[in-house]
$ cat final_22.txt   # compact mmCIF, C-alpha atoms
# COMPACT_ATOMS: atom_id res chain seq x y z
CA GLU A 1 109.74 21.70 130.49
CA ASP A 2 107.69 19.33 128.34
CA GLN A 3 109.61 16.17 127.60
CA VAL A 4 109.15 12.72 126.07
CA THR A 5 111.63 9.90 126.71
CA GLN A 6 111.56 6.52 125.01
CA SER A 7 113.33 3.41 126.25
CA PRO A 8 115.16 1.36 125.41
CA GLU A 9 116.97 3.04 122.51
CA ALA A 10 117.25 -0.31 120.78
CA LEU A 11 115.78 -3.74 121.41
CA ARG A 12 116.73 -7.03 119.79
CA LEU A 13 114.29 -9.90 120.14
CA GLN A 14 113.95 -13.38 118.74
CA GLU A 15 110.89 -14.05 116.62
CA GLY A 16 108.04 -14.90 118.97
CA GLU A 17 109.66 -13.26 122.01
CA SER A 18 107.17 -10.77 123.47
CA SER A 19 108.30 -7.48 125.04
CA SER A 20 107.32 -3.87 125.72
CA LEU A 21 108.56 -0.45 124.67
CA ASN A 22 108.23 2.49 127.02
CA CYS A 23 107.34 6.14 126.46
CA SER A 24 107.47 8.32 129.55
CA TYR A 25 106.37 11.94 129.44
CA THR A 26 106.20 15.12 131.45
CA VAL A 27 103.87 17.60 129.80
CA SER A 28 101.40 20.15 131.01
CA GLY A 29 97.90 19.14 130.09
CA LEU A 30 98.15 15.97 128.01
CA ARG A 31 95.75 16.10 125.07
CA GLY A 32 96.82 12.91 123.36
CA LEU A 33 99.64 10.39 122.96
CA PHE A 34 100.49 8.98 119.55
CA TRP A 35 102.45 5.91 118.49
CA TYR A 36 104.00 5.69 115.03
CA ARG A 37 106.11 3.11 113.25
CA GLN A 38 108.92 4.23 110.96
CA ASP A 39 110.80 2.07 108.49
CA PRO A 40 114.27 3.23 107.36
CA GLY A 41 114.10 6.13 104.91
CA LYS A 42 110.30 6.29 105.03
CA GLY A 43 107.73 8.50 106.68
CA PRO A 44 106.25 7.57 110.05
CA GLU A 45 103.14 5.43 109.83
CA PHE A 46 100.35 6.10 112.33
CA LEU A 47 99.51 3.27 114.75
CA PHE A 48 97.48 4.53 117.74
CA THR A 49 96.18 7.55 119.60
CA LEU A 50 95.48 7.38 123.35
CA TYR A 51 93.70 10.19 125.13
CA SER A 52 93.31 9.29 128.81
CA ALA A 53 94.88 7.13 131.50
CA GLY A 54 93.59 3.58 131.45
CA GLU A 55 92.90 3.59 127.74
CA GLU A 56 94.14 0.65 125.65
CA LYS A 57 94.20 0.02 121.90
CA GLU A 58 95.17 -3.03 119.90
CA LYS A 59 96.18 -3.75 116.33
CA GLU A 60 97.38 -7.19 115.30
CA ARG A 61 100.39 -8.01 117.52
CA LEU A 62 100.58 -4.51 119.04
CA LYS A 63 98.81 -3.17 122.10
CA ALA A 64 99.24 0.35 123.46
CA THR A 65 98.40 1.38 127.02
CA LEU A 66 98.47 4.71 128.82
CA THR A 67 98.96 5.83 132.43
CA LYS A 68 99.33 9.34 133.82
CA LYS A 69 103.10 9.25 133.35
CA GLU A 70 103.86 6.77 130.60
CA SER A 71 102.69 4.63 127.75
CA PHE A 72 103.69 1.13 126.82
CA LEU A 73 103.67 -0.49 123.42
CA HIS A 74 103.40 -4.23 123.98
CA ILE A 75 104.39 -6.49 121.14
CA THR A 76 103.21 -10.08 121.33
CA ALA A 77 104.92 -12.90 119.42
CA PRO A 78 106.68 -10.48 117.06
CA LYS A 79 107.67 -11.36 113.51
CA PRO A 80 110.68 -10.06 111.52
CA GLU A 81 108.37 -7.68 109.63
CA ASP A 82 107.69 -5.88 112.92
CA SER A 83 111.28 -4.62 112.84
CA ALA A 84 111.18 -0.82 112.68
CA THR A 85 111.69 2.27 114.79
CA TYR A 86 108.70 3.01 116.99
CA LEU A 87 108.09 6.66 117.77
CA CYS A 88 106.00 8.15 120.53
CA ALA A 89 104.65 11.71 120.43
CA VAL A 90 102.70 13.66 123.01
CA GLN A 91 100.37 16.56 122.39
CA ALA A 92 100.54 19.10 125.19
CA SER A 93 98.06 21.79 126.16
CA ASN A 94 99.50 24.16 123.51
CA TYR A 95 98.61 21.54 120.86
CA GLN A 96 102.19 21.10 119.69
CA LEU A 97 103.52 17.57 119.31
CA ILE A 98 106.61 16.63 121.29
CA TRP A 99 108.41 13.66 119.81
CA GLY A 100 110.50 11.01 121.51
CA ALA A 101 113.76 9.81 119.93
CA GLY A 102 112.29 6.38 119.18
CA THR A 103 113.05 2.75 119.95
CA LYS A 104 114.70 0.72 117.22
CA LEU A 105 113.20 -2.77 117.31
CA ILE A 106 114.95 -5.67 115.59
CA ILE A 107 113.25 -9.05 115.39
CA LYS A 108 115.56 -11.90 114.44
CA PRO A 109 114.10 -14.97 112.67
CA ASP B 110 100.19 4.78 101.28
CA SER B 111 99.15 7.70 103.51
CA GLY B 112 97.77 9.84 100.68
CA VAL B 113 100.34 12.59 101.33
CA THR B 114 102.68 13.19 98.41
CA GLN B 115 106.07 14.88 98.43
CA THR B 116 108.36 15.88 95.60
CA PRO B 117 111.15 15.43 94.82
CA LYS B 118 112.16 12.19 96.53
CA HIS B 119 115.83 13.07 96.42
CA LEU B 120 117.64 16.37 96.05
CA ILE B 121 121.37 16.93 95.83
CA THR B 122 122.69 20.47 95.85
CA ALA B 123 125.63 22.59 96.92
CA THR B 124 126.21 24.83 99.90
CA GLY B 125 124.79 28.32 99.50
CA GLN B 126 122.05 27.20 97.13
CA ARG B 127 118.27 27.43 97.52
CA VAL B 128 115.77 24.60 97.09
CA THR B 129 112.01 24.16 97.24
CA LEU B 130 110.28 21.08 98.58
CA ARG B 131 106.67 20.43 97.71
CA CYS B 132 103.88 18.66 99.58
CA SER B 133 100.30 17.79 98.70
CA PRO B 134 98.14 16.84 101.69
CA ARG B 135 95.54 14.08 101.84
CA SER B 136 92.24 14.96 100.24
CA GLY B 137 90.15 16.90 102.76
CA ASP B 138 93.02 17.74 105.11
CA LEU B 139 93.47 21.42 105.88
CA SER B 140 96.66 21.32 107.94
CA VAL B 141 100.18 20.74 106.68
CA TYR B 142 103.18 20.22 108.94
CA TRP B 143 106.87 20.20 108.04
CA TYR B 144 109.48 18.17 109.89
CA GLN B 145 113.23 17.70 109.63
CA GLN B 146 114.86 14.39 110.57
CA SER B 147 118.64 14.16 110.72
CA LEU B 148 120.62 10.96 111.32
CA ASP B 149 121.57 11.90 114.85
CA GLN B 150 118.32 13.59 115.80
CA GLY B 151 114.69 12.66 116.03
CA LEU B 152 111.84 14.37 114.27
CA GLN B 153 112.10 18.13 114.62
CA PHE B 154 108.91 20.08 114.06
CA LEU B 155 109.47 23.07 111.79
CA ILE B 156 106.15 24.73 111.00
CA GLN B 157 102.41 24.16 110.59
CA TYR B 158 99.94 25.76 108.20
CA TYR B 159 96.18 25.53 108.51
CA ASN B 160 93.98 26.49 105.57
CA GLY B 161 96.61 28.86 104.20
CA GLU B 162 97.60 30.52 107.46
CA GLU B 163 100.63 29.87 109.64
CA ARG B 164 99.36 28.10 112.79
CA ALA B 165 102.43 27.04 114.76
CA LYS B 166 106.16 27.45 114.55
CA GLY B 167 108.80 25.12 115.87
CA ASN B 168 112.56 25.07 115.45
CA ILE B 169 112.57 26.60 112.00
CA LEU B 170 115.66 28.55 110.97
CA GLU B 171 115.33 32.04 109.51
CA ARG B 172 116.86 30.68 106.27
CA PHE B 173 113.82 28.42 105.92
CA SER B 174 110.33 29.54 104.99
CA ALA B 175 107.10 27.87 104.01
CA GLN B 176 103.71 28.67 102.62
CA GLN B 177 100.42 26.97 101.92
CA PHE B 178 98.58 27.79 98.74
CA PRO B 179 94.81 28.11 98.09
CA ASP B 180 94.72 24.55 96.74
CA LEU B 181 96.24 23.53 100.11
CA HIS B 182 99.53 22.24 98.78
CA SER B 183 102.55 23.54 100.63
CA GLU B 184 106.13 24.43 99.80
CA LEU B 185 109.15 24.56 102.09
CA ASN B 186 111.91 26.86 100.89
CA LEU B 187 115.44 26.33 102.16
CA SER B 188 118.03 28.96 101.32
CA SER B 189 121.74 29.59 101.90
CA LEU B 190 122.07 25.87 102.42
CA GLU B 191 124.71 24.47 104.76
CA LEU B 192 126.13 20.97 105.10
CA GLY B 193 124.15 20.55 108.31
CA ASP B 194 120.88 20.99 106.44
CA SER B 195 121.30 17.55 104.91
CA ALA B 196 118.39 15.53 106.25
CA LEU B 197 115.08 13.90 105.50
CA TYR B 198 112.28 16.43 105.29
CA PHE B 199 108.79 15.15 105.94
CA CYS B 200 105.46 16.71 105.36
CA ALA B 201 102.40 15.56 107.28
CA SER B 202 98.75 16.52 107.04
CA SER B 203 95.71 16.38 109.27
CA VAL B 204 92.06 17.25 109.00
CA GLY B 205 91.98 20.07 111.54
CA GLY B 206 94.36 22.61 112.96
CA VAL B 207 94.06 22.84 116.71
CA THR B 208 92.85 19.41 117.77
CA THR B 209 94.25 16.01 118.52
CA ASP B 210 93.83 15.03 114.89
CA THR B 211 96.18 12.37 113.66
CA GLN B 212 99.01 13.50 111.42
CA TYR B 213 99.63 11.40 108.33
CA PHE B 214 103.14 11.55 106.91
CA GLY B 215 104.41 11.65 103.36
CA PRO B 216 107.36 9.59 102.09
CA GLY B 217 109.82 12.43 102.61
CA THR B 218 112.42 14.28 100.57
CA ARG B 219 116.04 13.37 101.17
CA LEU B 220 118.17 16.49 100.87
CA THR B 221 121.92 16.16 100.47
CA VAL B 222 124.02 19.33 100.61
CA LEU B 223 127.56 18.91 99.27
$ encode --input "final_22.txt" --output "structure tokens"
Amino acid sequence: EDQVTQSPEALRLQEGESSSLNCSYTVSGLRGLFWYRQDPGKGPEFLFTLYSAGEEKEKERLKATLTKKESFLHITAPKPEDSATYLCAVQASNYQLIWGAGTKLIIKP
Amino acid sequence: DSGVTQTPKHLITATGQRVTLRCSPRSGDLSVYWYQQSLDQGLQFLIQYYNGEERAKGNILERFSAQQFPDLHSELNLSSLELGDSALYFCASSVGGVTTDTQYFGPGTRLTVL
């Protein structure tokens, strides 16, 4: 069964303290892996798409990487405004998106 | 701002009633997706339309239905509402229908069933 698991469920960091969020997946025929950011009560905001193992993408303090079994979202020197829930979604061979439950990131000043 | 618009922002109604949620996709996008997000659950995919035709179906209840009109806007109809239908409903759009196109989300409609 296709599955996406995100860990940890929640992560509290001090401002400037770098860390990583994990998205592990078991799907048949990965077509793409997506990272989104969601603020409370708002729609998810697109961050990155990764298509193949070894691929990396960066945007400001965020860097996403992909292996054959998981993806990491690395956050470097985070600021309070990076606080949000980060969602991972995987597109399987049937083109449907399978969503993880998200990691709630809290950055304390 | 993603370019996807949803109306209304908030909706409060009673059990047993019927409501309609509306979504306008980004200019040029042909696909519209509907999602439900409850407090204790993640994003649940409901249904996708591509250029007016149903393309994919997820965990959509029989009490729910959707359609996409010739101008590409979409409506999600929820009927015989139950307390458990209270949730955020998101619409997303993408350029294509069966690709790895990125989905861009609207601001959502918060539905409260009393």
$ residues_near_point --input "final_22.txt" --point "(115.4, 19.2, 97.5)" --cutoff "7 Å" --atoms "all atoms listed in the file" --output "PDB file with C-alpha atoms, in the coordinates of the input"
ATOM      1  CA  PRO B 117     111.150  15.430  94.820  1.00  0.00           C
ATOM      2  CA  HIS B 119     115.830  13.070  96.420  1.00  0.00           C
ATOM      3  CA  LEU B 120     117.640  16.370  96.050  1.00  0.00           C
ATOM      4  CA  ILE B 121     121.370  16.930  95.830  1.00  0.00           C
ATOM      5  CA  VAL B 128     115.770  24.600  97.090  1.00  0.00           C
ATOM      6  CA  THR B 129     112.010  24.160  97.240  1.00  0.00           C
ATOM      7  CA  LEU B 130     110.280  21.080  98.580  1.00  0.00           C
ATOM      8  CA  THR B 218     112.420  14.280 100.570  1.00  0.00           C
ATOM      9  CA  ARG B 219     116.040  13.370 101.170  1.00  0.00           C
ATOM     10  CA  LEU B 220     118.170  16.490 100.870  1.00  0.00           C
TER      11      LEU B 220
END
$ residues_around --input "final_22.txt" --residues "Cys88 in chain A" --least-positions-apart "4" --cutoff "12 Å" --atoms "only C-alpha atoms" --output "VMD selection string"
(chain A and resid 3 to 7 21 to 25 32 to 38 44 to 50 64 66 70 to 73 97 to 104) or (chain B and resid 151 to 152)
$ residues_near_point --input "final_22.txt" --point "(112.1, 22.9, 104.2)" --cutoff "7 Å" --atoms "all atoms listed in the file" --output "MDAnalysis selection string"
chainID B and resid 130 173:174 185:187 198
$ interface_residues --input "final_22.txt" --of "chain B" --to "chain A" --cutoff "9 Å" --atoms "only C-alpha atoms" --output "number ranges by chain"
B: 111, 150-154, 165, 167, 197, 199-201, 207-209, 211-217, 219
$ residues_around --input "final_22.txt" --residues "Glu60 in chain A" --least-positions-apart "2" --cutoff "10 Å" --atoms "only C-alpha atoms" --output "short mmCIF file (atom, residue, chain, number, x, y, z; two decimals) with C-alpha atoms, keeping the file's coordinate frame"
data_model
loop_
_atom_site.label_atom_id
_atom_site.label_comp_id
_atom_site.auth_asym_id
_atom_site.auth_seq_id
_atom_site.Cartn_x
_atom_site.Cartn_y
_atom_site.Cartn_z
CA GLU A 58 95.17 -3.03 119.90
CA LEU A 62 100.58 -4.51 119.04
CA LYS A 63 98.81 -3.17 122.10
CA ILE A 75 104.39 -6.49 121.14
CA THR A 76 103.21 -10.08 121.33
#
$ residues_around --input "final_22.txt" --residues "Leu181 in chain B" --least-positions-apart "3" --cutoff "9 Å" --atoms "all atoms listed in the file" --output "short mmCIF file (atom, residue, chain, number, x, y, z; two decimals) with C-alpha atoms, in the coordinates of the input"
data_model
loop_
_atom_site.label_atom_id
_atom_site.label_comp_id
_atom_site.auth_asym_id
_atom_site.auth_seq_id
_atom_site.Cartn_x
_atom_site.Cartn_y
_atom_site.Cartn_z
CA SER B 133 100.30 17.79 98.70
CA PRO B 134 98.14 16.84 101.69
CA ASP B 138 93.02 17.74 105.11
CA LEU B 139 93.47 21.42 105.88
CA SER B 140 96.66 21.32 107.94
CA VAL B 141 100.18 20.74 106.68
CA TYR B 159 96.18 25.53 108.51
CA ASN B 160 93.98 26.49 105.57
CA GLY B 161 96.61 28.86 104.20
CA GLN B 177 100.42 26.97 101.92
CA PHE B 178 98.58 27.79 98.74
#
$ residues_around --input "final_22.txt" --residues "Ser195 in chain B" --least-positions-apart "4" --cutoff "9 Å" --atoms "only C-alpha atoms" --output "VMD selection string"
chain B and resid 147 190 to 191 219 to 223
$ atom_distance --input "final_22.txt" --atom1 "CA of Glu184 in chain B" --atom2 "CA of Leu148 in chain B"
22.9 Å
$ atom_distance --input "final_22.txt" --atom1 "CA of Glu163 in chain B" --atom2 "CA of Gly29 in chain A"
23.3 Å
$ atom_distance --input "final_22.txt" --atom1 "CA of Lys57 in chain A" --atom2 "CA of Tyr158 in chain B"
29.7 Å
$ closest_residue --input "final_22.txt" --among "B:Gln145, B:Ala123, B:Asp210, B:Leu170" --to "Ala196 in chain B" --atoms "all atoms listed in the file"
B:Gln145
$ closest_residue --input "final_22.txt" --among "A:Gly54, A:Pro40, A:Gly16, A:Pro8" --to "Lys79 in chain A" --atoms "all atoms listed in the file"
A:Gly16
$ decode --input "final_22.txt" --residues "range 90-104 of chain A" --atoms "all heavy atoms" --output "PDB file, in the first residue's frame"
ATOM      1  N   VAL A  90       3.482  12.768  -2.215  1.00  0.00           N
ATOM      2  CA  VAL A  90       4.156  11.937  -3.213  1.00  0.00           C
ATOM      3  C   VAL A  90       3.178  11.570  -4.311  1.00  0.00           C
ATOM      4  O   VAL A  90       2.037  11.184  -4.043  1.00  0.00           O
ATOM      5  CB  VAL A  90       4.698  10.652  -2.538  1.00  0.00           C
ATOM      6  CG1 VAL A  90       5.187   9.672  -3.582  1.00  0.00           C
ATOM      7  CG2 VAL A  90       5.818  11.003  -1.577  1.00  0.00           C
ATOM      8  N   GLN A  91       3.625  11.691  -5.541  1.00  0.00           N
ATOM      9  CA  GLN A  91       2.784  11.300  -6.671  1.00  0.00           C
ATOM     10  C   GLN A  91       3.227   9.929  -7.153  1.00  0.00           C
ATOM     11  O   GLN A  91       4.377   9.743  -7.571  1.00  0.00           O
ATOM     12  CB  GLN A  91       2.890  12.313  -7.804  1.00  0.00           C
ATOM     13  CG  GLN A  91       1.849  12.080  -8.890  1.00  0.00           C
ATOM     14  CD  GLN A  91       1.785  13.240  -9.863  1.00  0.00           C
ATOM     15  OE1 GLN A  91       2.808  13.749 -10.283  1.00  0.00           O
ATOM     16  NE2 GLN A  91       0.578  13.650 -10.217  1.00  0.00           N
ATOM     17  N   ALA A  92       2.304   8.976  -7.065  1.00  0.00           N
ATOM     18  CA  ALA A  92       2.609   7.596  -7.425  1.00  0.00           C
ATOM     19  C   ALA A  92       2.331   7.359  -8.913  1.00  0.00           C
ATOM     20  O   ALA A  92       1.937   8.280  -9.628  1.00  0.00           O
ATOM     21  CB  ALA A  92       1.780   6.645  -6.560  1.00  0.00           C
ATOM     22  N   SER A  93       2.513   6.129  -9.340  1.00  0.00           N
ATOM     23  CA  SER A  93       2.380   5.819 -10.762  1.00  0.00           C
ATOM     24  C   SER A  93       0.977   6.063 -11.287  1.00  0.00           C
ATOM     25  O   SER A  93       0.789   6.278 -12.482  1.00  0.00           O
ATOM     26  CB  SER A  93       2.775   4.359 -11.021  1.00  0.00           C
ATOM     27  OG  SER A  93       1.987   3.497 -10.230  1.00  0.00           O
ATOM     28  N   ASN A  94      -0.047   6.048 -10.401  1.00  0.00           N
ATOM     29  CA  ASN A  94      -1.419   6.329 -10.841  1.00  0.00           C
ATOM     30  C   ASN A  94      -1.726   7.822 -10.844  1.00  0.00           C
ATOM     31  O   ASN A  94      -2.873   8.213 -11.020  1.00  0.00           O
ATOM     32  CB  ASN A  94      -2.429   5.579  -9.970  1.00  0.00           C
ATOM     33  CG  ASN A  94      -2.381   6.033  -8.524  1.00  0.00           C
ATOM     34  OD1 ASN A  94      -1.602   6.914  -8.170  1.00  0.00           O
ATOM     35  ND2 ASN A  94      -3.214   5.452  -7.689  1.00  0.00           N
ATOM     36  N   TYR A  95      -0.715   8.639 -10.628  1.00  0.00           N
ATOM     37  CA  TYR A  95      -0.785  10.105 -10.675  1.00  0.00           C
ATOM     38  C   TYR A  95      -1.502  10.740  -9.498  1.00  0.00           C
ATOM     39  O   TYR A  95      -1.562  11.957  -9.418  1.00  0.00           O
ATOM     40  CB  TYR A  95      -1.417  10.592 -11.986  1.00  0.00           C
ATOM     41  CG  TYR A  95      -0.568  10.288 -13.189  1.00  0.00           C
ATOM     42  CD1 TYR A  95      -0.833   9.185 -13.987  1.00  0.00           C
ATOM     43  CD2 TYR A  95       0.515  11.093 -13.514  1.00  0.00           C
ATOM     44  CE1 TYR A  95      -0.039   8.901 -15.083  1.00  0.00           C
ATOM     45  CE2 TYR A  95       1.313  10.805 -14.607  1.00  0.00           C
ATOM     46  CZ  TYR A  95       1.028   9.717 -15.388  1.00  0.00           C
ATOM     47  OH  TYR A  95       1.814   9.431 -16.458  1.00  0.00           O
ATOM     48  N   GLN A  96      -2.040   9.948  -8.582  1.00  0.00           N
ATOM     49  CA  GLN A  96      -2.698  10.561  -7.422  1.00  0.00           C
ATOM     50  C   GLN A  96      -1.657  10.979  -6.396  1.00  0.00           C
ATOM     51  O   GLN A  96      -0.630  10.337  -6.236  1.00  0.00           O
ATOM     52  CB  GLN A  96      -3.684   9.565  -6.803  1.00  0.00           C
ATOM     53  CG  GLN A  96      -4.911   9.351  -7.662  1.00  0.00           C
ATOM     54  CD  GLN A  96      -6.160   9.107  -6.837  1.00  0.00           C
ATOM     55  OE1 GLN A  96      -6.206   9.423  -5.661  1.00  0.00           O
ATOM     56  NE2 GLN A  96      -7.185   8.556  -7.470  1.00  0.00           N
ATOM     57  N   LEU A  97      -1.950  12.079  -5.707  1.00  0.00           N
ATOM     58  CA  LEU A  97      -1.061  12.567  -4.663  1.00  0.00           C
ATOM     59  C   LEU A  97      -1.411  11.913  -3.344  1.00  0.00           C
ATOM     60  O   LEU A  97      -2.578  11.863  -2.970  1.00  0.00           O
ATOM     61  CB  LEU A  97      -1.170  14.079  -4.515  1.00  0.00           C
ATOM     62  CG  LEU A  97      -0.279  14.970  -5.365  1.00  0.00           C
ATOM     63  CD1 LEU A  97      -0.474  16.422  -4.975  1.00  0.00           C
ATOM     64  CD2 LEU A  97       1.174  14.580  -5.265  1.00  0.00           C
ATOM     65  N   ILE A  98      -0.394  11.427  -2.653  1.00  0.00           N
ATOM     66  CA  ILE A  98      -0.572  10.866  -1.309  1.00  0.00           C
ATOM     67  C   ILE A  98       0.110  11.819  -0.348  1.00  0.00           C
ATOM     68  O   ILE A  98       1.309  12.086  -0.486  1.00  0.00           O
ATOM     69  CB  ILE A  98       0.048   9.474  -1.215  1.00  0.00           C
ATOM     70  CG1 ILE A  98      -0.544   8.568  -2.303  1.00  0.00           C
ATOM     71  CG2 ILE A  98      -0.193   8.867   0.169  1.00  0.00           C
ATOM     72  CD1 ILE A  98       0.297   7.370  -2.614  1.00  0.00           C
ATOM     73  N   TRP A  99      -0.657  12.310   0.611  1.00  0.00           N
ATOM     74  CA  TRP A  99      -0.154  13.347   1.510  1.00  0.00           C
ATOM     75  C   TRP A  99       0.275  12.774   2.846  1.00  0.00           C
ATOM     76  O   TRP A  99      -0.376  11.886   3.406  1.00  0.00           O
ATOM     77  CB  TRP A  99      -1.238  14.397   1.758  1.00  0.00           C
ATOM     78  CG  TRP A  99      -1.540  15.214   0.558  1.00  0.00           C
ATOM     79  CD1 TRP A  99      -2.376  14.889  -0.474  1.00  0.00           C
ATOM     80  CD2 TRP A  99      -0.998  16.495   0.235  1.00  0.00           C
ATOM     81  NE1 TRP A  99      -2.384  15.889  -1.409  1.00  0.00           N
ATOM     82  CE2 TRP A  99      -1.557  16.889  -0.998  1.00  0.00           C
ATOM     83  CE3 TRP A  99      -0.108  17.364   0.875  1.00  0.00           C
ATOM     84  CZ2 TRP A  99      -1.239  18.105  -1.615  1.00  0.00           C
ATOM     85  CZ3 TRP A  99       0.204  18.572   0.267  1.00  0.00           C
ATOM     86  CH2 TRP A  99      -0.354  18.928  -0.959  1.00  0.00           C
ATOM     87  N   GLY A 100       1.383  13.320   3.377  1.00  0.00           N
ATOM     88  CA  GLY A 100       1.770  13.031   4.741  1.00  0.00           C
ATOM     89  C   GLY A 100       0.959  13.890   5.702  1.00  0.00           C
ATOM     90  O   GLY A 100       0.260  14.820   5.278  1.00  0.00           O
ATOM     91  N   ALA A 101       1.059  13.578   6.991  1.00  0.00           N
ATOM     92  CA  ALA A 101       0.287  14.300   8.009  1.00  0.00           C
ATOM     93  C   ALA A 101       0.924  15.631   8.383  1.00  0.00           C
ATOM     94  O   ALA A 101       0.289  16.456   9.037  1.00  0.00           O
ATOM     95  CB  ALA A 101       0.122  13.433   9.246  1.00  0.00           C
ATOM     96  N   GLY A 102       2.180  15.851   7.982  1.00  0.00           N
ATOM     97  CA  GLY A 102       2.830  17.125   8.230  1.00  0.00           C
ATOM     98  C   GLY A 102       3.712  17.140   9.472  1.00  0.00           C
ATOM     99  O   GLY A 102       3.566  16.320  10.375  1.00  0.00           O
ATOM    100  N   THR A 103       4.643  18.085   9.483  1.00  0.00           N
ATOM    101  CA  THR A 103       5.459  18.376  10.656  1.00  0.00           C
ATOM    102  C   THR A 103       5.212  19.820  11.036  1.00  0.00           C
ATOM    103  O   THR A 103       5.390  20.723  10.217  1.00  0.00           O
ATOM    104  CB  THR A 103       6.963  18.183  10.367  1.00  0.00           C
ATOM    105  OG1 THR A 103       7.229  16.798  10.150  1.00  0.00           O
ATOM    106  CG2 THR A 103       7.804  18.685  11.533  1.00  0.00           C
ATOM    107  N   LYS A 104       4.797  20.011  12.296  1.00  0.00           N
ATOM    108  CA  LYS A 104       4.558  21.367  12.784  1.00  0.00           C
ATOM    109  C   LYS A 104       5.863  21.907  13.332  1.00  0.00           C
ATOM    110  O   LYS A 104       6.415  21.374  14.297  1.00  0.00           O
ATOM    111  CB  LYS A 104       3.485  21.361  13.866  1.00  0.00           C
ATOM    112  CG  LYS A 104       3.114  22.758  14.354  1.00  0.00           C
ATOM    113  CD  LYS A 104       1.949  22.716  15.309  1.00  0.00           C
ATOM    114  CE  LYS A 104       1.549  24.111  15.744  1.00  0.00           C
ATOM    115  NZ  LYS A 104       0.391  24.092  16.671  1.00  0.00           N
TER     116      LYS A 104
END
